[in-house]
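Reviewing the structure listed below.
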Amino acid sequence: MTMRIPHVFVLLWLVILACALATWVVPSGRYARETREVEGRSRTLVVPGTFEPVAKHYSLRGALLGDPQPDRATPVGVVGFLSAVPRGMEAAADIIFFIFVIGGVFGILQRTGVVTASVGRLVDRLQDRGPLLTVVVMTVFAVGGSTLGMGEEYIPLVPLFVLVARRLGYDALYGMALVEVAGQVGFAASTTNPFTVSVAQGIAELPLHSGMPLRIVFFGCALSLAIGYVLRYGARVRRDRAASVIADVPEAWEDRDQGAAVASGADYRRHHAAILVACAVVFAFIVVAVQRFGWWMAEMGGGFLLMGFVAAALARLSVADSARAFVKGCEEMVVAALVVGFARGIAVVLQDGLVIDTVVHAAASVLVEVPRYVAVVGMLCFENIVNVFIPSGSGQAAVSMPLMAPLADIIGITRQTAVFSFTCGDGFSNTVIPTSGILMAMLGLAKVPYGRWLRFMLPLFGLLCLLSAAFLIVAVAIGYH
């Protein structure tokens, strides 16, 4: 009898409830924080050695309506629990509206016919070379994640590669894995990722982009493991549809069953080529602007809107037709956008109860007491756990690295090794944790249930963690600098 994982909304509500209950029993506490310039940006960092417990304020009013008190921690009550999701949506408003914009623009692109025509032409040319496409695409996405820290930028590509995967005989999960697994493996096996390794090295007072040789070797090993795993799964699905973990999910196979005639290379027209070129130029500029000009969700959303405007103009769609296509695309994003808000509600509850810093302090206290080879694996586990509560690379670095860097000195390992444990722990767990907005958005786009994704991803996640632990032990042995 297999365990059935509830619907993602039910699962997230249960996690929020568990976290709310935990704020009543887990001791509250907090570190002092200071603002410092790290990599040209002001970041609020934890100050090591400043943790202090915070007494809890229990009251009937607090249990029902909330009863905040100065210098006291108030456990999350009924109103706090019920309002966690709306407040999570407020906190995640930037990515939620970004998802809606992506959906609307993709709706316009679908209306122009460029998506199905381009996919049809690609499939006509590839024929049975799906494995080659997998290797090339995953390598490109992984390099983007490792060097530029690309993650959110890949969200709009999921529907396209789901279509490609279906036409080549795979399932929707395979198409999503091409984007999600590759991007997150690259993000974790960071070489010059500005959001993780650069920030962490800056906080740890290490030369930027130092320790590169070991990082490059690790990137190659992690990517090879991920590609091999995805190819093995894809080969099973192509041989037997029943081998798919989403074989009984109708939405995952709609286009494979119905779209063979639709996706024909003969449908490809000259204006489709013009749209592709224009979209590629806009997308490339968005990527550069994120790195050079500090663009984030709002500016990126504006860039994708421009992409939609240009596509509609080149396809000569009427304003009314374009608007209808945009609205239809937004409608298909409702679940993906709501999931992001639900996931952010978990962090809201934990912050209300002042328990996140307690978890960090407790873990750091344990690591000091164990041998360094055990401690470095413990750091990896610790970073994986913290990532559940703070699913942001730079945010997690600001909380954990001010503690892990001096802790590394005490334990007798290098700060470079501590940074390496952070990047691995922050990155790979993004492929499985329900608080990852990118993962939840991609699952919504691909129409893959979260439980089925875990069935596919957990074995690979375990292998990547074992690989990380092995490299960390080597790093300790060689005195990695």
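Ordering of the structure tokens sets the chain letters (A, B, ...), residue numbers begin anew at 1 in every chain, and ligands are numbered from 1 in the order given.
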DSSP alpha helix (DSSP H) selection over stretch 152-258 of chain A, as a count of residues only: 67
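Minimum atom-to-atom distance to A:Leu403, evaluated using only C-alpha atoms, belongs to A:Leu367 out of A:Ala22, A:Ala289, A:Leu367, A:Val76.
Between atom CA of A:Val85 and atom CA of A:Val249 there is a distance of 27.5 Å.
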Would you mind listing, for every residue of stretch 62-133 of chain A within 8 Å of stretch 349-357 of chain A, the two atoms forming the shortest contact and the distance between them in Å to one decimal, using only C-alpha atoms, sorted by chain and ascending residue number, as CSV?
residue,atom,partner,partner_atom,distance
A:Ala73,CA,A:Gly353,CA,6.1
A:Thr74,CA,A:Gly353,CA,6.0
A:Pro75,CA,A:Gly353,CA,5.1
A:Val76,CA,A:Gly353,CA,6.1
A:Gly80,CA,A:Val349,CA,7.4
A:Phe81,CA,A:Val349,CA,7.1
A:Ala84,CA,A:Val349,CA,6.3
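One distance worth recording is that between atom CA of A:Gly395 and atom CA of A:Leu45, which is 9.0 Å.
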What's the separation between atom CA of A:Leu464 and atom CA of A:Ala343, in Å to one decimal place? 24.0 Å
Would you write out, as a tab-separated table, a table of all residues in stretch 45-163 of chain A that have an atom no more than 9 Å from an atom of stretch 420-440 of chain A, listing for each the closest atom pair and the distance in Å to one decimal, considering only C-alpha atoms and ordering rows by chain and rising residue number?
residue	atom	partner	partner_atom	distance
A:Ala92	CA	A:Gly437	CA	8.7
A:Ile95	CA	A:Gly437	CA	7.9
A:Ile96	CA	A:Gly437	CA	9.0
A:Gly151	CA	A:Ile438	CA	7.2
A:Glu152	CA	A:Ile438	CA	6.2
A:Tyr154	CA	A:Ile438	CA	8.8
A:Ile155	CA	A:Ile438	CA	7.0
Output for the residues just chosen: N, CA and C atoms as a PDB file, in the first residue's frame:
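Written out: out_32.pdb:
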ATOM      1  N   ALA A  92       4.971  37.508  -0.876  1.00  0.00           N
ATOM      2  CA  ALA A  92       5.446  36.932  -2.138  1.00  0.00           C
ATOM      3  C   ALA A  92       4.772  37.586  -3.342  1.00  0.00           C
ATOM      4  N   ILE A  95       6.759  37.668  -6.829  1.00  0.00           N
ATOM      5  CA  ILE A  95       6.839  36.467  -7.654  1.00  0.00           C
ATOM      6  C   ILE A  95       5.458  36.005  -8.112  1.00  0.00           C
ATOM      7  N   ILE A  96       4.420  36.250  -7.305  1.00  0.00           N
ATOM      8  CA  ILE A  96       3.062  35.859  -7.705  1.00  0.00           C
ATOM      9  C   ILE A  96       2.631  36.621  -8.958  1.00  0.00           C
ATOM     10  N   GLY A 151      17.346  31.228 -12.000  1.00  0.00           N
ATOM     11  CA  GLY A 151      16.353  30.339 -11.411  1.00  0.00           C
ATOM     12  C   GLY A 151      14.965  30.761 -11.815  1.00  0.00           C
ATOM     13  N   GLU A 152      14.526  31.922 -11.311  1.00  0.00           N
ATOM     14  CA  GLU A 152      13.209  32.451 -11.686  1.00  0.00           C
ATOM     15  C   GLU A 152      13.096  32.667 -13.191  1.00  0.00           C
ATOM     16  N   TYR A 154      13.966  30.840 -15.490  1.00  0.00           N
ATOM     17  CA  TYR A 154      13.645  29.609 -16.215  1.00  0.00           C
ATOM     18  C   TYR A 154      12.160  29.240 -16.145  1.00  0.00           C
ATOM     19  N   ILE A 155      11.423  29.862 -15.240  1.00  0.00           N
ATOM     20  CA  ILE A 155      10.011  29.492 -15.074  1.00  0.00           C
ATOM     21  C   ILE A 155       9.229  29.555 -16.388  1.00  0.00           C
TER      22      ILE A 155
END
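The neighbours of stretch 187-197 of chain A here are the residues that come within 7 Å of it, using only C-alpha atoms and leaving out any residue fewer than 3 positions away in the same chain; they are A:Gly145, A:Ser146, A:Thr147, A:Leu148, A:Gly149, A:Gly183, A:Gln184, A:Ala200, A:Gln201, A:His209, A:Met212, A:Arg215, A:Ile216, A:Phe218, A:Phe219, A:Gly393, A:Ser394, A:Ala397, A:Val419, A:Thr423, A:Cys424, A:Asp426, A:Gly427, A:Phe428.
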Would you mind exporting the chosen residues as a JSON list (two decimals), in the first residue's frame, restricted to C-alpha atoms?
[["chain", "number", "residue", "atom", "x", "y", "z"],
["A", 145, "GLY", "CA", 22.38, 28.50, -12.70],
["A", 146, "SER", "CA", 26.00, 27.94, -11.67],
["A", 147, "THR", "CA", 27.45, 31.12, -13.15],
["A", 148, "LEU", "CA", 24.63, 33.68, -13.19],
["A", 149, "GLY", "CA", 22.36, 32.27, -10.48],
["A", 183, "GLY", "CA", 18.80, 24.82, -13.13],
["A", 184, "GLN", "CA", 18.84, 23.86, -9.44],
["A", 200, "ALA", "CA", 28.61, 33.79, 1.24],
["A", 201, "GLN", "CA", 32.29, 34.40, 0.43],
["A", 209, "HIS", "CA", 35.42, 33.34, -6.69],
["A", 212, "MET", "CA", 37.23, 27.48, -8.07],
["A", 215, "ARG", "CA", 33.84, 23.79, -7.46],
["A", 216, "ILE", "CA", 34.27, 23.10, -11.17],
["A", 218, "PHE", "CA", 31.95, 19.19, -8.27],
["A", 219, "PHE", "CA", 29.76, 20.92, -10.88],
["A", 393, "GLY", "CA", 19.98, 31.99, -1.39],
["A", 394, "SER", "CA", 21.11, 35.44, -0.30],
["A", 397, "ALA", "CA", 23.49, 33.32, 3.55],
["A", 419, "VAL", "CA", 30.77, 28.22, 2.19],
["A", 423, "THR", "CA", 25.87, 26.36, -1.38],
["A", 424, "CYS", "CA", 25.15, 22.62, -1.49],
["A", 426, "ASP", "CA", 20.89, 25.83, -0.04],
["A", 427, "GLY", "CA", 20.65, 24.57, -3.60],
["A", 428, "PHE", "CA", 19.82, 20.89, -3.91]]
So that I can see what lies close to A:Ile411, please list as a list of chain:residue names the residues with an atom at most 10 Å from it, counting only C-alpha atoms and leaving out residues fewer than 2 positions away in the same chain. A:Leu367, A:Val368, A:Glu369, A:Val370, A:Pro371, A:Arg372, A:Tyr373, A:Ala375, A:Val376, A:Pro406, A:Leu407, A:Ala408, A:Asp409, A:Ile413, A:Thr414
Smallest atom-to-atom distance to A:Asp171: which of A:Ala405, A:Val290, A:Val448, A:Val46, using only C-alpha atoms? A:Val448
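Nearest residue to A:Gly479 among A:Ala273, A:Gly444, A:Gly412, A:Leu225 is A:Gly412, counting only C-alpha atoms.
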With distances taken over only C-alpha atoms, the candidate from A:Val399, A:Cys465, A:Leu305, A:Val476 nearest A:Leu109 is A:Leu305
Would you kindly return, as a ChimeraX atom specification, each protein, DNA or RNA residue with an atom no farther than 6 Å from any atom of A:Gly77, considering only C-alpha atoms and excluding same-chain residues fewer than 2 positions away? /A:62-64,66,79-80
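Each of A:Arg167, A:His271, A:Arg455, A:Arg415 was compared to A:Leu472 using only C-alpha atoms, and A:Arg415 turns out to be the nearest.
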Pick out the residues sitting within 12 Å of A:Leu12, and hand them over as a list in words; count only C-alpha atoms, and ignore anything fewer than 3 positions along from it in its own chain. Ile5, Pro6, His7, Val8, Phe9, Val15, Ile16, Leu17, Ala18, Cys19, Ala84, Val85, Gly88, Leu338, Val339, Val340, Gly341, Phe342, Ala343, Arg344, Gly345, Ile346, Ala347, Ile433, Pro434, Thr435, Ser436, Met440 and Tyr450 of chain A
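Residue nearest A:Ala278 within the list A:Lys328, A:Leu178, A:Arg129, A:Val114: A:Val114 [criterion: smallest interatomic distance, only C-alpha atoms].
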